[in-house]
Amino acid sequence: MKRIFTIIVLMLAWIVEGQSQTGLQITELFNGQYKRKDNAIEVVVKGNQLERYKLKVFRSLTIKNDPKDFERIEKLVEQDEKNAISKETGRIGERLYYAFYCFPPEDNYYRYVFYRNSSLRKTESNELTLIYMEGNVTMDELKVMFKK
């Protein structure tokens, strides 16, 4: 996870807007509404910098200390789960702690959503991370990247 965030920081100089998450409920979260919030970081990366990761698009949203937004985002992610062709989830009580979904290809690219709500564990930071990726990378390759 730390490696992915390091990569994002290095690529911030080349940020491009766009709507790639066609048909997903989380699309509404990447419309720029969090860009001016002090407790949120929204990142969009497209292009050549992602080729070595076999990705075409990488979008992330990290929000700190906002239980209302956490619940809203969790509901949208849970709605998108219905369309996933592959999924891995973990819950703490009734709440979604993490989710990793793969969606049917669109324009010959697989689409992935990674979600983690660290606020559900008292030993972790009070933040939620949502990542959308699309490309030719496999689910197993993404898992390896996230572990580094």
# chains A, B, ... in the order shown; residues from 1 in each chain; ligands from 1
$ residues_around --residues "region 90-100 of chain A" --least-positions-apart "3" --cutoff "12 Å" --atoms "only C-alpha atoms" --output "PyMOL selection string"
chain A and resi 70-81+84-87+103+111-122+124+127-133+139-140+142-143+146
$ residues_around --residues "region 54-61 of chain A" --least-positions-apart "5" --cutoff "8 Å" --atoms "only C-alpha atoms" --output "list in words"
Ser20, Phe30, Ala40, Ile41, Glu42, Val43, Val44, Val45, Lys46, Gly47, Thr129, Leu130, Ile131, Tyr132, Met133, Glu134, Gly135, Asn136 and Val137 of chain A
$ write_last_selection --atoms "all heavy atoms" --output "CSV table (one decimal), in the first residue's frame"
chain,number,residue,atom,x,y,z
A,20,SER,N,-13.9,7.5,-16.0
A,20,SER,CA,-13.7,6.2,-16.6
A,20,SER,C,-14.5,5.1,-16.0
A,20,SER,O,-14.7,4.0,-16.5
A,20,SER,CB,-12.2,5.8,-16.3
A,20,SER,OG,-11.3,6.7,-16.9
A,30,PHE,N,-15.9,10.8,-7.9
A,30,PHE,CA,-14.7,11.4,-8.5
A,30,PHE,C,-15.1,12.6,-9.4
A,30,PHE,O,-14.5,12.7,-10.5
A,30,PHE,CB,-14.0,10.3,-9.3
A,30,PHE,CG,-13.4,9.2,-8.5
A,30,PHE,CD1,-14.0,8.0,-8.3
A,30,PHE,CD2,-12.2,9.5,-7.8
A,30,PHE,CE1,-13.5,7.0,-7.5
A,30,PHE,CE2,-11.7,8.5,-7.0
A,30,PHE,CZ,-12.3,7.3,-6.9
A,40,ALA,N,-9.5,15.7,2.6
A,40,ALA,CA,-9.6,14.7,1.5
A,40,ALA,C,-8.5,15.0,0.5
A,40,ALA,O,-8.0,16.1,0.3
A,40,ALA,CB,-10.9,14.8,0.8
A,41,ILE,N,-8.0,13.9,-0.1
A,41,ILE,CA,-7.1,13.9,-1.2
A,41,ILE,C,-7.6,13.1,-2.4
A,41,ILE,O,-7.9,11.9,-2.2
A,41,ILE,CB,-5.7,13.4,-0.8
A,41,ILE,CG1,-5.1,14.2,0.3
A,41,ILE,CG2,-4.7,13.4,-2.0
A,41,ILE,CD1,-3.9,13.6,0.9
A,42,GLU,N,-7.8,13.8,-3.5
A,42,GLU,CA,-8.3,13.1,-4.7
A,42,GLU,C,-7.1,13.1,-5.8
A,42,GLU,O,-6.6,14.2,-6.0
A,42,GLU,CB,-9.5,13.7,-5.3
A,42,GLU,CG,-10.1,13.0,-6.5
A,42,GLU,CD,-11.3,13.7,-7.1
A,42,GLU,OE1,-11.9,14.5,-6.4
A,42,GLU,OE2,-11.7,13.4,-8.2
A,43,VAL,N,-6.8,12.0,-6.3
A,43,VAL,CA,-5.7,11.9,-7.3
A,43,VAL,C,-6.3,11.1,-8.5
A,43,VAL,O,-6.9,10.1,-8.4
A,43,VAL,CB,-4.5,11.1,-6.7
A,43,VAL,CG1,-3.4,10.9,-7.7
A,43,VAL,CG2,-4.0,11.8,-5.5
A,44,VAL,N,-5.9,11.7,-9.7
A,44,VAL,CA,-6.2,11.0,-11.0
A,44,VAL,C,-4.9,11.0,-11.8
A,44,VAL,O,-4.3,12.0,-12.0
A,44,VAL,CB,-7.3,11.9,-11.8
A,44,VAL,CG1,-7.6,11.2,-13.1
A,44,VAL,CG2,-8.5,12.1,-10.9
A,45,VAL,N,-4.6,9.8,-12.2
A,45,VAL,CA,-3.4,9.6,-13.0
A,45,VAL,C,-3.8,8.8,-14.3
A,45,VAL,O,-4.5,7.7,-14.1
A,45,VAL,CB,-2.3,8.9,-12.3
A,45,VAL,CG1,-1.1,8.7,-13.1
A,45,VAL,CG2,-2.0,9.6,-10.9
A,46,LYS,N,-3.4,9.2,-15.4
A,46,LYS,CA,-3.6,8.5,-16.7
A,46,LYS,C,-2.3,8.6,-17.5
A,46,LYS,O,-1.5,9.5,-17.3
A,46,LYS,CB,-4.7,9.1,-17.5
A,46,LYS,CG,-6.1,8.9,-16.9
A,46,LYS,CD,-7.1,9.5,-17.9
A,46,LYS,CE,-8.5,9.2,-17.5
A,46,LYS,NZ,-9.5,9.7,-18.5
A,47,GLY,N,-2.1,7.7,-18.4
A,47,GLY,CA,-1.1,7.8,-19.4
A,47,GLY,C,0.1,6.9,-19.2
A,47,GLY,O,0.1,5.9,-18.5
A,129,THR,N,-10.1,4.9,2.2
A,129,THR,CA,-9.4,5.0,1.0
A,129,THR,C,-10.2,4.2,-0.1
A,129,THR,O,-10.7,3.1,0.1
A,129,THR,CB,-8.0,4.3,1.0
A,129,THR,OG1,-7.2,5.0,2.0
A,129,THR,CG2,-7.3,4.4,-0.3
A,130,LEU,N,-10.4,4.9,-1.2
A,130,LEU,CA,-11.1,4.3,-2.3
A,130,LEU,C,-10.3,4.5,-3.6
A,130,LEU,O,-9.8,5.6,-3.9
A,130,LEU,CB,-12.5,5.0,-2.6
A,130,LEU,CG,-13.3,4.5,-3.7
A,130,LEU,CD1,-13.8,3.0,-3.5
A,130,LEU,CD2,-14.5,5.4,-4.0
A,131,ILE,N,-10.0,3.3,-4.3
A,131,ILE,CA,-9.2,3.4,-5.5
A,131,ILE,C,-9.9,2.7,-6.6
A,131,ILE,O,-10.5,1.6,-6.5
A,131,ILE,CB,-7.8,2.7,-5.2
A,131,ILE,CG1,-7.0,3.4,-4.1
A,131,ILE,CG2,-7.0,2.6,-6.5
A,131,ILE,CD1,-5.8,2.7,-3.7
A,132,TYR,N,-9.9,3.4,-7.8
A,132,TYR,CA,-10.4,2.8,-9.0
A,132,TYR,C,-9.3,2.7,-10.0
A,132,TYR,O,-8.5,3.6,-10.2
A,132,TYR,CB,-11.5,3.7,-9.6
A,132,TYR,CG,-11.9,3.3,-11.0
A,132,TYR,CD1,-12.8,2.3,-11.2
A,132,TYR,CD2,-11.3,3.8,-12.1
A,132,TYR,CE1,-13.2,1.8,-12.5
A,132,TYR,CE2,-11.6,3.4,-13.4
A,132,TYR,CZ,-12.6,2.4,-13.6
A,132,TYR,OH,-12.9,2.0,-14.8
A,133,MET,N,-9.1,1.5,-10.6
A,133,MET,CA,-8.1,1.3,-11.6
A,133,MET,C,-8.7,0.5,-12.8
A,133,MET,O,-9.6,-0.2,-12.6
A,133,MET,CB,-7.0,0.3,-11.0
A,133,MET,CG,-6.3,0.9,-9.8
A,133,MET,SD,-5.4,-0.3,-8.8
A,133,MET,CE,-6.7,-1.1,-7.9
A,134,GLU,N,-8.1,0.8,-13.9
A,134,GLU,CA,-8.5,0.0,-15.1
A,134,GLU,C,-7.3,-0.2,-16.0
A,134,GLU,O,-6.4,0.6,-16.0
A,134,GLU,CB,-9.6,0.7,-15.9
A,134,GLU,CG,-9.3,1.9,-16.7
A,134,GLU,CD,-10.5,2.4,-17.5
A,134,GLU,OE1,-11.5,2.7,-16.8
A,134,GLU,OE2,-10.4,2.6,-18.7
A,135,GLY,N,-7.2,-1.4,-16.6
A,135,GLY,CA,-6.1,-1.7,-17.4
A,135,GLY,C,-6.1,-3.2,-17.7
A,135,GLY,O,-7.1,-3.9,-17.5
A,136,ASN,N,-4.9,-3.7,-18.2
A,136,ASN,CA,-4.7,-5.1,-18.5
A,136,ASN,C,-4.1,-5.9,-17.4
A,136,ASN,O,-3.7,-7.0,-17.7
A,136,ASN,CB,-3.9,-5.2,-19.8
A,136,ASN,CG,-4.6,-4.7,-21.0
A,136,ASN,OD1,-5.8,-4.9,-21.2
A,136,ASN,ND2,-3.9,-3.9,-21.9
A,137,VAL,N,-4.0,-5.3,-16.3
A,137,VAL,CA,-3.4,-6.0,-15.1
A,137,VAL,C,-4.4,-7.0,-14.6
A,137,VAL,O,-5.6,-6.8,-14.6
A,137,VAL,CB,-3.0,-5.0,-14.1
A,137,VAL,CG1,-4.1,-4.3,-13.5
A,137,VAL,CG2,-2.1,-5.6,-13.0
$ select_by_dssp --residues "chain A" --states "strand (DSSP E or B)" --output "PyMOL selection string"
chain A and resi 15+40-46+55-64+86-92+95-106+109-117+127-135
$ select_by_dssp --residues "chain A" --states "alpha helix (DSSP H)" --output "number ranges by chain"
A: 2-11, 67-81, 139-147
$ closest_residue --among "A:Gln33, A:Gln25, A:Thr123, A:Gln49" --to "Ile63 (chain A)" --atoms "only C-alpha atoms"
A:Gln33
$ atom_distance --atom1 "CA of Tyr101 (chain A)" --atom2 "CA of Leu50 (chain A)"
19.7 Å
$ closest_residue --among "A:Tyr53, A:Thr138, A:Asn65, A:Gly23" --to "Lys37 (chain A)" --atoms "only C-alpha atoms"
A:Asn65
